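Everything below belongs to my_file.pdb, which stores PDB, C-alpha atoms, pLDDT in the B column.
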ATOM      1  CA  MET A   1      54.825   6.494 -45.608  1.00 37.00           C
ATOM      2  CA  LYS A   2      52.838   7.442 -42.519  1.00 38.00           C
ATOM      3  CA  LYS A   3      54.338   4.570 -40.556  1.00 38.00           C
ATOM      4  CA  LEU A   4      57.840   5.538 -41.653  1.00 32.00           C
ATOM      5  CA  PHE A   5      57.260   9.173 -40.666  1.00 36.00           C
ATOM      6  CA  LEU A   6      55.846   8.180 -37.290  1.00 32.00           C
ATOM      7  CA  ALA A   7      58.653   5.691 -36.643  1.00 37.00           C
ATOM      8  CA  ALA A   8      61.272   8.317 -37.447  1.00 36.00           C
ATOM      9  CA  LEU A   9      59.511  10.864 -35.256  1.00 34.00           C
ATOM     10  CA  VAL A  10      59.293   8.403 -32.349  1.00 35.00           C
ATOM     11  CA  ALA A  11      62.990   7.493 -32.778  1.00 37.00           C
ATOM     12  CA  VAL A  12      64.034  11.136 -32.747  1.00 34.00           C
ATOM     13  CA  MET A  13      61.878  11.779 -29.703  1.00 37.00           C
ATOM     14  CA  GLY A  14      63.428   8.753 -27.993  1.00 39.00           C
ATOM     15  CA  LEU A  15      66.951   9.947 -28.713  1.00 34.00           C
ATOM     16  CA  THR A  16      66.096  13.405 -27.494  1.00 36.00           C
ATOM     17  CA  ALA A  17      64.534  11.999 -24.339  1.00 38.00           C
ATOM     18  CA  CYS A  18      67.648   9.870 -23.646  1.00 40.00           C
ATOM     19  CA  ASN A  19      69.827  12.969 -23.717  1.00 40.00           C
ATOM     20  CA  ASN A  20      67.773  14.753 -21.057  1.00 42.00           C
ATOM     21  CA  LYS A  21      69.473  14.303 -17.679  1.00 43.00           C
ATOM     22  CA  THR A  22      66.661  15.681 -15.548  1.00 43.00           C
ATOM     23  CA  ALA A  23      63.549  13.757 -14.818  1.00 43.00           C
ATOM     24  CA  GLU A  24      60.451  15.167 -16.421  1.00 45.00           C
ATOM     25  CA  PRO A  25      56.934  14.676 -15.186  1.00 46.00           C
ATOM     26  CA  ALA A  26      54.923  12.018 -16.947  1.00 47.00           C
ATOM     27  CA  THR A  27      52.915  13.252 -19.873  1.00 47.00           C
ATOM     28  CA  THR A  28      49.398  12.366 -20.743  1.00 46.00           C
ATOM     29  CA  PRO A  29      48.894   9.939 -23.619  1.00 44.00           C
ATOM     30  CA  SER A  30      47.674  12.707 -25.908  1.00 46.00           C
ATOM     31  CA  GLU A  31      50.845  14.734 -25.267  1.00 50.00           C
ATOM     32  CA  ALA A  32      53.240  11.808 -25.641  1.00 46.00           C
ATOM     33  CA  ALA A  33      52.016  10.515 -28.988  1.00 50.00           C
ATOM     34  CA  PRO A  34      52.573  12.797 -31.963  1.00 55.00           C
ATOM     35  CA  ARG A  35      49.453  13.738 -33.854  1.00 56.00           C
ATOM     36  CA  GLU A  36      49.192  11.708 -37.021  1.00 58.00           C
ATOM     37  CA  ILE A  37      49.055  13.843 -40.129  1.00 55.00           C
ATOM     38  CA  GLY A  38      46.498  12.621 -42.613  1.00 58.00           C
ATOM     39  CA  SER A  39      46.264  13.347 -46.294  1.00 55.00           C
ATOM     40  CA  SER A  40      43.474  15.857 -45.636  1.00 78.00           C
ATOM     41  CA  ASP A  41      46.001  17.913 -43.626  1.00 89.00           C
ATOM     42  CA  ILE A  42      48.239  18.434 -46.646  1.00 93.00           C
ATOM     43  CA  ALA A  43      47.588  20.444 -49.789  1.00 95.00           C
ATOM     44  CA  TYR A  44      49.557  21.798 -52.705  1.00 95.00           C
ATOM     45  CA  VAL A  45      49.241  24.814 -54.953  1.00 96.00           C
ATOM     46  CA  GLN A  46      50.505  25.220 -58.491  1.00 96.00           C
ATOM     47  CA  VAL A  47      51.839  28.708 -57.854  1.00 96.00           C
ATOM     48  CA  GLU A  48      52.978  29.327 -61.433  1.00 96.00           C
ATOM     49  CA  ALA A  49      49.523  28.426 -62.741  1.00 96.00           C
ATOM     50  CA  VAL A  50      47.824  30.738 -60.247  1.00 96.00           C
ATOM     51  CA  LEU A  51      50.126  33.613 -61.147  1.00 94.00           C
ATOM     52  CA  ALA A  52      49.742  33.039 -64.896  1.00 95.00           C
ATOM     53  CA  GLN A  53      45.941  32.814 -64.772  1.00 96.00           C
ATOM     54  CA  CYS A  54      45.040  35.386 -62.128  1.00 96.00           C
ATOM     55  CA  ASP A  55      43.339  38.641 -63.041  1.00 96.00           C
ATOM     56  CA  LEU A  56      46.315  40.643 -61.754  1.00 96.00           C
ATOM     57  CA  TYR A  57      48.576  39.040 -64.349  1.00 96.00           C
ATOM     58  CA  LEU A  58      46.020  39.216 -67.143  1.00 95.00           C
ATOM     59  CA  LYS A  59      45.262  42.908 -66.545  1.00 96.00           C
ATOM     60  CA  GLU A  60      48.626  44.220 -65.381  1.00 95.00           C
ATOM     61  CA  GLY A  61      51.324  41.571 -65.711  1.00 95.00           C
ATOM     62  CA  ALA A  62      50.874  40.703 -69.358  1.00 95.00           C
ATOM     63  CA  PRO A  63      50.916  44.363 -70.465  1.00 96.00           C
ATOM     64  CA  LEU A  64      53.994  44.951 -68.297  1.00 96.00           C
ATOM     65  CA  GLN A  65      55.709  41.944 -69.848  1.00 95.00           C
ATOM     66  CA  GLU A  66      54.800  43.208 -73.330  1.00 96.00           C
ATOM     67  CA  LYS A  67      56.103  46.683 -72.454  1.00 96.00           C
ATOM     68  CA  THR A  68      59.390  45.156 -71.267  1.00 95.00           C
ATOM     69  CA  GLN A  69      59.754  43.085 -74.431  1.00 96.00           C
ATOM     70  CA  LYS A  70      59.055  46.118 -76.640  1.00 96.00           C
ATOM     71  CA  ALA A  71      61.683  48.138 -74.774  1.00 95.00           C
ATOM     72  CA  GLN A  72      64.247  45.359 -75.147  1.00 95.00           C
ATOM     73  CA  LYS A  73      63.487  45.077 -78.862  1.00 96.00           C
ATOM     74  CA  SER A  74      63.776  48.855 -79.256  1.00 95.00           C
ATOM     75  CA  TRP A  75      67.130  48.863 -77.449  1.00 95.00           C
ATOM     76  CA  ALA A  76      68.442  46.084 -79.672  1.00 95.00           C
ATOM     77  CA  GLU A  77      67.330  47.924 -82.833  1.00 96.00           C
ATOM     78  CA  LYS A  78      68.883  51.202 -81.675  1.00 94.00           C
ATOM     79  CA  GLU A  79      72.173  49.462 -80.840  1.00 94.00           C
ATOM     80  CA  LYS A  80      72.200  47.738 -84.207  1.00 95.00           C
ATOM     81  CA  SER A  81      71.496  51.035 -85.972  1.00 95.00           C
ATOM     82  CA  LEU A  82      74.324  52.840 -84.179  1.00 94.00           C
ATOM     83  CA  GLN A  83      76.734  49.986 -84.845  1.00 94.00           C
ATOM     84  CA  ALA A  84      75.808  50.011 -88.537  1.00 95.00           C
ATOM     85  CA  GLU A  85      76.331  53.765 -88.701  1.00 94.00           C
ATOM     86  CA  ALA A  86      79.768  53.430 -87.074  1.00 93.00           C
ATOM     87  CA  ALA A  87      80.680  50.617 -89.487  1.00 95.00           C
ATOM     88  CA  GLN A  88      79.609  52.738 -92.491  1.00 95.00           C
ATOM     89  CA  LEU A  89      81.697  55.639 -91.245  1.00 93.00           C
ATOM     90  CA  GLN A  90      84.716  53.374 -90.806  1.00 94.00           C
ATOM     91  CA  GLU A  91      84.219  51.963 -94.298  1.00 93.00           C
ATOM     92  CA  LYS A  92      83.959  55.421 -95.880  1.00 91.00           C
ATOM     93  CA  TYR A  93      87.096  56.538 -94.069  1.00 91.00           C
ATOM     94  CA  GLN A  94      89.061  53.458 -95.126  1.00 93.00           C
ATOM     95  CA  LYS A  95      88.028  53.962 -98.745  1.00 91.00           C
ATOM     96  CA  GLY A  96      89.154  57.575 -98.548  1.00 92.00           C
ATOM     97  CA  LEU A  97      85.678  58.967 -99.226  1.00 93.00           C
ATOM     98  CA  ILE A  98      85.811  61.397 -96.276  1.00 92.00           C
ATOM     99  CA  THR A  99      88.541  63.377 -94.627  1.00 93.00           C
ATOM    100  CA  THR A 100      90.089  62.491 -91.286  1.00 93.00           C
ATOM    101  CA  THR A 101      88.591  65.609 -89.725  1.00 94.00           C
ATOM    102  CA  ASP A 102      85.093  64.769 -90.986  1.00 93.00           C
ATOM    103  CA  ALA A 103      85.491  61.145 -89.855  1.00 93.00           C
ATOM    104  CA  GLN A 104      86.574  62.255 -86.385  1.00 94.00           C
ATOM    105  CA  ALA A 105      83.681  64.705 -86.094  1.00 95.00           C
ATOM    106  CA  LYS A 106      81.165  62.096 -87.192  1.00 94.00           C
ATOM    107  CA  GLN A 107      82.763  59.512 -84.877  1.00 94.00           C
ATOM    108  CA  LYS A 108      82.439  61.932 -81.966  1.00 96.00           C
ATOM    109  CA  SER A 109      78.807  62.567 -82.874  1.00 95.00           C
ATOM    110  CA  ILE A 110      78.091  58.827 -82.942  1.00 93.00           C
ATOM    111  CA  GLU A 111      79.827  58.366 -79.593  1.00 94.00           C
ATOM    112  CA  GLN A 112      77.713  61.152 -78.052  1.00 95.00           C
ATOM    113  CA  ARG A 113      74.530  59.558 -79.372  1.00 94.00           C
ATOM    114  CA  VAL A 114      75.650  56.144 -78.041  1.00 93.00           C
ATOM    115  CA  ALA A 115      76.274  57.681 -74.603  1.00 94.00           C
ATOM    116  CA  ALA A 116      72.887  59.441 -74.639  1.00 94.00           C
ATOM    117  CA  TYR A 117      71.167  56.260 -75.794  1.00 93.00           C
ATOM    118  CA  GLN A 118      72.879  54.178 -73.091  1.00 94.00           C
ATOM    119  CA  SER A 119      71.884  56.663 -70.398  1.00 95.00           C
ATOM    120  CA  SER A 120      68.297  56.734 -71.627  1.00 95.00           C
ATOM    121  CA  ALA A 121      68.121  52.943 -71.935  1.00 95.00           C
ATOM    122  CA  GLN A 122      69.562  52.514 -68.453  1.00 96.00           C
ATOM    123  CA  LYS A 123      66.951  54.853 -66.939  1.00 96.00           C
ATOM    124  CA  GLU A 124      64.168  53.059 -68.803  1.00 96.00           C
ATOM    125  CA  ALA A 125      65.518  49.668 -67.706  1.00 96.00           C
ATOM    126  CA  GLN A 126      65.629  50.798 -64.067  1.00 97.00           C
ATOM    127  CA  LYS A 127      62.044  52.017 -64.297  1.00 97.00           C
ATOM    128  CA  LEU A 128      60.932  48.710 -65.840  1.00 96.00           C
ATOM    129  CA  ASP A 129      62.850  46.740 -63.202  1.00 97.00           C
ATOM    130  CA  GLU A 130      61.078  48.689 -60.476  1.00 97.00           C
ATOM    131  CA  GLU A 131      57.679  48.148 -62.089  1.00 96.00           C
ATOM    132  CA  ASN A 132      58.407  44.416 -62.383  1.00 96.00           C
ATOM    133  CA  PHE A 133      59.590  44.306 -58.752  1.00 97.00           C
ATOM    134  CA  VAL A 134      56.399  46.005 -57.537  1.00 97.00           C
ATOM    135  CA  PHE A 135      54.251  43.717 -59.675  1.00 96.00           C
ATOM    136  CA  THR A 136      56.012  40.618 -58.357  1.00 96.00           C
ATOM    137  CA  ASN A 137      55.612  41.780 -54.763  1.00 97.00           C
ATOM    138  CA  ARG A 138      51.912  42.471 -55.305  1.00 96.00           C
ATOM    139  CA  ALA A 139      51.396  39.043 -56.839  1.00 96.00           C
ATOM    140  CA  GLN A 140      53.253  37.316 -54.009  1.00 96.00           C
ATOM    141  CA  ASP A 141      51.292  39.305 -51.424  1.00 97.00           C
ATOM    142  CA  LEU A 142      47.976  38.363 -53.032  1.00 97.00           C
ATOM    143  CA  LEU A 143      49.022  34.719 -53.172  1.00 97.00           C
ATOM    144  CA  LYS A 144      50.165  34.709 -49.557  1.00 97.00           C
ATOM    145  CA  ARG A 145      46.960  36.402 -48.354  1.00 97.00           C
ATOM    146  CA  ALA A 146      44.825  34.013 -50.418  1.00 97.00           C
ATOM    147  CA  VAL A 147      46.505  30.955 -48.916  1.00 97.00           C
ATOM    148  CA  ALA A 148      46.189  32.456 -45.436  1.00 96.00           C
ATOM    149  CA  ALA A 149      42.489  33.130 -45.987  1.00 96.00           C
ATOM    150  CA  ILE A 150      41.854  29.634 -47.323  1.00 95.00           C
ATOM    151  CA  ASN A 151      43.687  28.132 -44.367  1.00 95.00           C
ATOM    152  CA  ALA A 152      42.256  30.513 -41.753  1.00 95.00           C
ATOM    153  CA  ASP A 153      40.557  27.576 -40.044  1.00 93.00           C
ATOM    154  CA  LYS A 154      43.925  25.737 -39.907  1.00 92.00           C
ATOM    155  CA  LYS A 155      42.446  22.868 -41.894  1.00 92.00           C
ATOM    156  CA  TYR A 156      45.802  22.244 -43.543  1.00 94.00           C
ATOM    157  CA  LYS A 157      48.944  21.574 -41.562  1.00 93.00           C
ATOM    158  CA  LEU A 158      51.105  21.799 -44.660  1.00 93.00           C
ATOM    159  CA  ILE A 159      50.599  23.648 -47.940  1.00 94.00           C
ATOM    160  CA  ILE A 160      53.403  23.359 -50.453  1.00 94.00           C
ATOM    161  CA  ASN A 161      54.294  24.708 -53.868  1.00 95.00           C
ATOM    162  CA  ALA A 162      53.590  22.060 -56.500  1.00 94.00           C
ATOM    163  CA  SER A 163      56.842  22.858 -58.284  1.00 92.00           C
ATOM    164  CA  ALA A 164      58.580  20.864 -55.543  1.00 84.00           C
ATOM    165  CA  LEU A 165      56.340  17.822 -55.988  1.00 90.00           C
ATOM    166  CA  ILE A 166      57.355  14.651 -57.697  1.00 91.00           C
ATOM    167  CA  ASP A 167      54.006  12.928 -57.315  1.00 92.00           C
ATOM    168  CA  ALA A 168      50.794  13.730 -55.465  1.00 91.00           C
ATOM    169  CA  ASP A 169      47.138  12.859 -55.483  1.00 91.00           C
ATOM    170  CA  THR A 170      45.132  15.492 -57.353  1.00 91.00           C
ATOM    171  CA  THR A 171      42.608  15.631 -54.509  1.00 92.00           C
ATOM    172  CA  LEU A 172      45.272  17.531 -52.552  1.00 94.00           C
ATOM    173  CA  ASN A 173      45.411  20.266 -55.218  1.00 95.00           C
ATOM    174  CA  ILE A 174      43.885  23.523 -53.956  1.00 96.00           C
ATOM    175  CA  THR A 175      45.058  25.594 -56.920  1.00 96.00           C
ATOM    176  CA  PRO A 176      41.522  26.463 -58.124  1.00 96.00           C
ATOM    177  CA  LEU A 177      40.580  27.677 -54.637  1.00 96.00           C
ATOM    178  CA  VAL A 178      43.710  29.799 -54.392  1.00 97.00           C
ATOM    179  CA  LEU A 179      43.184  31.236 -57.890  1.00 97.00           C
ATOM    180  CA  ALA A 180      39.602  32.197 -57.042  1.00 97.00           C
ATOM    181  CA  LYS A 181      40.719  33.800 -53.770  1.00 97.00           C
ATOM    182  CA  VAL A 182      43.556  35.708 -55.452  1.00 97.00           C
ATOM    183  CA  ASN A 183      41.084  37.076 -58.001  1.00 97.00           C
ATOM    184  CA  GLU A 184      38.649  37.970 -55.219  1.00 96.00           C
ATOM    185  CA  LEU A 185      41.351  39.832 -53.270  1.00 96.00           C
ATOM    186  CA  TYR A 186      42.535  41.595 -56.430  1.00 96.00           C
ATOM    187  CA  ALA A 187      38.982  42.697 -57.238  1.00 96.00           C
ATOM    188  CA  ALA A 188      38.616  43.998 -53.679  1.00 95.00           C
ATOM    189  CA  GLU A 189      41.768  46.091 -54.124  1.00 91.00           C
ATOM    190  CA  LYS A 190      40.344  47.714 -57.210  1.00 82.00           C
TER     191      LYS A 190
END

Could you quickly redo this structure as structure tokens?
Amino acid sequence: MKKLFLAALVAVMGLTACNNKTAEPATTPSEAAPREIGSSDIAYVQVEAVLAQCDLYLKEGAPLQEKTQKAQKSWAEKEKSLQAEAAQLQEKYQKGLITTTDAQAKQKSIEQRVAAYQSSAQKEAQKLDEENFVFTNRAQDLLKRAVAAINADKKYKLIINASALIDADTTLNITPLVLAKVNELYAAEK
């Protein structure tokens, strides 16, 4: 793999050099040869695992997720209740159990409650969306700062998200370090 990468890099450099029409001064051997990237220069992070296990998620994300699920369940129940009420009204009217005037008045009342419910649900959904957006941004910021702090010495030339990996040596996994740093940064914020 390393040889293939280096060969491709040398070929690209050769093609690029052939296209240059002006003569360039000779380079020193250290400048001419690309630096070989070793396995210790590469690391990966299981971002989803960090985000699911970090203190930020456990203390704020999980309750926010639960709050969102409760709101969605409440909206579904309210919709179902209003639909059932409208169906009952329609059934009573078709059976001739209520007058047209009463049916129209009750229908109008149901429609007003549906409109009020939809407005309320929309406002609540917007508020939840904003809370989720802020939470996501905070989590991404913590993750980014943690990786930057871990790689402050530029030990790694490449750090990638493990979700893009097909196969990798587990010695390249820095997820526990990143998780610890995210928790440390979160604690410092508090």

Residues at most 12 Å from A:Gln88, counting only C-alpha atoms, excluding those fewer than 5 positions away in the same chain, as a CSV table (one decimal) with C-alpha atoms, in the coordinates of the input?
chain,number,residue,atom,x,y,z
A,81,SER,CA,71.5,51.0,-86.0
A,82,LEU,CA,74.3,52.8,-84.2
A,83,GLN,CA,76.7,50.0,-84.8
A,93,TYR,CA,87.1,56.5,-94.1
A,94,GLN,CA,89.1,53.5,-95.1
A,95,LYS,CA,88.0,54.0,-98.7
A,97,LEU,CA,85.7,59.0,-99.2
A,98,ILE,CA,85.8,61.4,-96.3
A,103,ALA,CA,85.5,61.1,-89.9
A,106,LYS,CA,81.2,62.1,-87.2
A,107,GLN,CA,82.8,59.5,-84.9
A,110,ILE,CA,78.1,58.8,-82.9

Evaluate the PyMOL selection byres ((chain A and resi 185) around 12) against this structure - the residues, as a list in words, please.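 That expression, the PyMOL selection byres ((chain A and resi 185) around 12), corresponds here to Cys54, Asp55, Leu56, Arg138, Ala139, Asp141, Leu142, Leu143, Lys144, Arg145, Ala146, Val147, Ala148, Ala149, Ile150, Val178, Leu179, Ala180, Lys181, Val182, Asn183, Glu184, Tyr186, Ala187, Ala188, Glu189 and Lys190 of chain A.
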
Centre and edge lengths, as JSON, for the axis-aligned box enclosing every listed atom of stretch 127-130 of chain A with 5 Å of padding on each of the six sides, in Å to one decimal?
{"center_x": 61.9, "center_y": 49.4, "center_z": -63.2, "size_x": 11.9, "size_y": 15.3, "size_z": 15.4}

Can you turn the PyMOL selection byres ((chain A and resi 171) around 12) into a concrete residue list for this file, as a ChimeraX atom specification? /A:39-45,168-170,172-176

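The two atoms in question, atom CA of A:Lys70 and atom CA of A:Leu51, are spaced 21.8 Å apart.
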
Result set of the PyMOL selection byres ((chain A and resi 124) around 12) on the coordinates above, as a list in words: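 Selected by the PyMOL selection byres ((chain A and resi 124) around 12) in this file: Lys67, Thr68, Lys70, Ala71, Gln72, Ser74, Trp75, Tyr117, Gln118, Ser119, Ser120, Ala121, Gln122, Lys123, Ala125, Gln126, Lys127, Leu128, Asp129, Glu130 and Glu131 of chain A.
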
In Å and to one decimal, atom CA of A:Thr100 is distant from atom CA of A:Lys78 by 25.9 Å

Correct to one decimal, the distance atom CA of A:Gln46-atom CA of A:Ala162 is 4.8 Å

Should you be able to, write stretch 158-169 of chain A of this structure into a file that contains all heavy atoms, as an mmCIF file, in the first residue's frame.
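Listing of out.cif after writing:
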data_model
loop_
_atom_site.group_PDB
_atom_site.id
_atom_site.type_symbol
_atom_site.label_atom_id
_atom_site.label_comp_id
_atom_site.auth_asym_id
_atom_site.auth_seq_id
_atom_site.Cartn_x
_atom_site.Cartn_y
_atom_site.Cartn_z
ATOM 1 N N LEU A 158 -3.135 12.399 9.546
ATOM 2 C CA LEU A 158 -4.475 12.118 9.062
ATOM 3 C C LEU A 158 -5.286 11.475 10.177
ATOM 4 O O LEU A 158 -4.881 10.463 10.752
ATOM 5 C CB LEU A 158 -4.402 11.159 7.854
ATOM 6 C CG LEU A 158 -5.702 10.706 7.225
ATOM 7 C CD1 LEU A 158 -6.416 11.883 6.579
ATOM 8 C CD2 LEU A 158 -5.447 9.610 6.208
ATOM 9 N N ILE A 159 -6.431 12.073 10.474
ATOM 10 C CA ILE A 159 -7.377 11.505 11.437
ATOM 11 C C ILE A 159 -8.712 11.445 10.708
ATOM 12 O O ILE A 159 -9.205 12.459 10.224
ATOM 13 C CB ILE A 159 -7.497 12.363 12.711
ATOM 14 C CG1 ILE A 159 -6.138 12.475 13.412
ATOM 15 C CG2 ILE A 159 -8.550 11.777 13.652
ATOM 16 C CD1 ILE A 159 -6.127 13.401 14.604
ATOM 17 N N ILE A 160 -9.276 10.245 10.639
ATOM 18 C CA ILE A 160 -10.513 10.083 9.887
ATOM 19 C C ILE A 160 -11.626 9.512 10.763
ATOM 20 O O ILE A 160 -11.370 8.908 11.809
ATOM 21 C CB ILE A 160 -10.311 9.185 8.642
ATOM 22 C CG1 ILE A 160 -9.798 7.798 9.046
ATOM 23 C CG2 ILE A 160 -9.368 9.831 7.661
ATOM 24 C CD1 ILE A 160 -9.684 6.840 7.885
ATOM 25 N N ASN A 161 -12.840 9.706 10.283
ATOM 26 C CA ASN A 161 -14.024 9.163 10.938
ATOM 27 C C ASN A 161 -14.104 7.673 10.601
ATOM 28 O O ASN A 161 -14.051 7.298 9.433
ATOM 29 C CB ASN A 161 -15.268 9.899 10.441
ATOM 30 C CG ASN A 161 -16.526 9.474 11.157
ATOM 31 O OD1 ASN A 161 -16.571 8.448 11.824
ATOM 32 N ND2 ASN A 161 -17.554 10.278 11.018
ATOM 33 N N ALA A 162 -14.244 6.850 11.595
ATOM 34 C CA ALA A 162 -14.267 5.399 11.393
ATOM 35 C C ALA A 162 -15.454 4.939 10.564
ATOM 36 O O ALA A 162 -15.423 3.839 10.002
ATOM 37 C CB ALA A 162 -14.270 4.682 12.741
ATOM 38 N N SER A 163 -16.482 5.748 10.438
ATOM 39 C CA SER A 163 -17.637 5.328 9.651
ATOM 40 C C SER A 163 -17.272 5.175 8.169
ATOM 41 O O SER A 163 -17.976 4.511 7.428
ATOM 42 C CB SER A 163 -18.794 6.313 9.798
ATOM 43 O OG SER A 163 -18.449 7.563 9.247
ATOM 44 N N ALA A 164 -16.155 5.761 7.770
ATOM 45 C CA ALA A 164 -15.707 5.646 6.383
ATOM 46 C C ALA A 164 -14.741 4.474 6.186
ATOM 47 O O ALA A 164 -14.347 4.186 5.062
ATOM 48 C CB ALA A 164 -15.032 6.944 5.942
ATOM 49 N N LEU A 165 -14.374 3.810 7.250
ATOM 50 C CA LEU A 165 -13.402 2.723 7.165
ATOM 51 C C LEU A 165 -14.044 1.421 6.716
ATOM 52 O O LEU A 165 -15.168 1.112 7.088
ATOM 53 C CB LEU A 165 -12.758 2.471 8.528
ATOM 54 C CG LEU A 165 -11.778 3.501 9.037
ATOM 55 C CD1 LEU A 165 -11.283 3.092 10.423
ATOM 56 C CD2 LEU A 165 -10.619 3.674 8.101
ATOM 57 N N ILE A 166 -13.271 0.677 5.972
ATOM 58 C CA ILE A 166 -13.671 -0.680 5.633
ATOM 59 C C ILE A 166 -12.911 -1.646 6.526
ATOM 60 O O ILE A 166 -13.468 -2.602 7.036
ATOM 61 C CB ILE A 166 -13.416 -0.974 4.140
ATOM 62 C CG1 ILE A 166 -14.323 -0.089 3.297
ATOM 63 C CG2 ILE A 166 -13.639 -2.445 3.826
ATOM 64 C CD1 ILE A 166 -14.070 -0.168 1.825
ATOM 65 N N ASP A 167 -11.634 -1.358 6.733
ATOM 66 C CA ASP A 167 -10.805 -2.200 7.585
ATOM 67 C C ASP A 167 -9.650 -1.356 8.097
ATOM 68 O O ASP A 167 -9.102 -0.534 7.367
ATOM 69 C CB ASP A 167 -10.263 -3.392 6.788
ATOM 70 C CG ASP A 167 -9.535 -4.399 7.654
ATOM 71 O OD1 ASP A 167 -9.879 -4.512 8.853
ATOM 72 O OD2 ASP A 167 -8.615 -5.053 7.149
ATOM 73 N N ALA A 168 -9.290 -1.551 9.348
ATOM 74 C CA ALA A 168 -8.157 -0.831 9.928
ATOM 75 C C ALA A 168 -7.669 -1.563 11.163
ATOM 76 O O ALA A 168 -8.428 -2.254 11.847
ATOM 77 C CB ALA A 168 -8.553 0.592 10.293
ATOM 78 N N ASP A 169 -6.416 -1.393 11.444
ATOM 79 C CA ASP A 169 -5.806 -1.963 12.633
ATOM 80 C C ASP A 169 -6.331 -1.211 13.856
ATOM 81 O O ASP A 169 -6.379 0.020 13.866
ATOM 82 C CB ASP A 169 -4.278 -1.814 12.534
ATOM 83 C CG ASP A 169 -3.548 -2.596 13.608
ATOM 84 O OD1 ASP A 169 -4.037 -2.636 14.755
ATOM 85 O OD2 ASP A 169 -2.483 -3.146 13.297
#
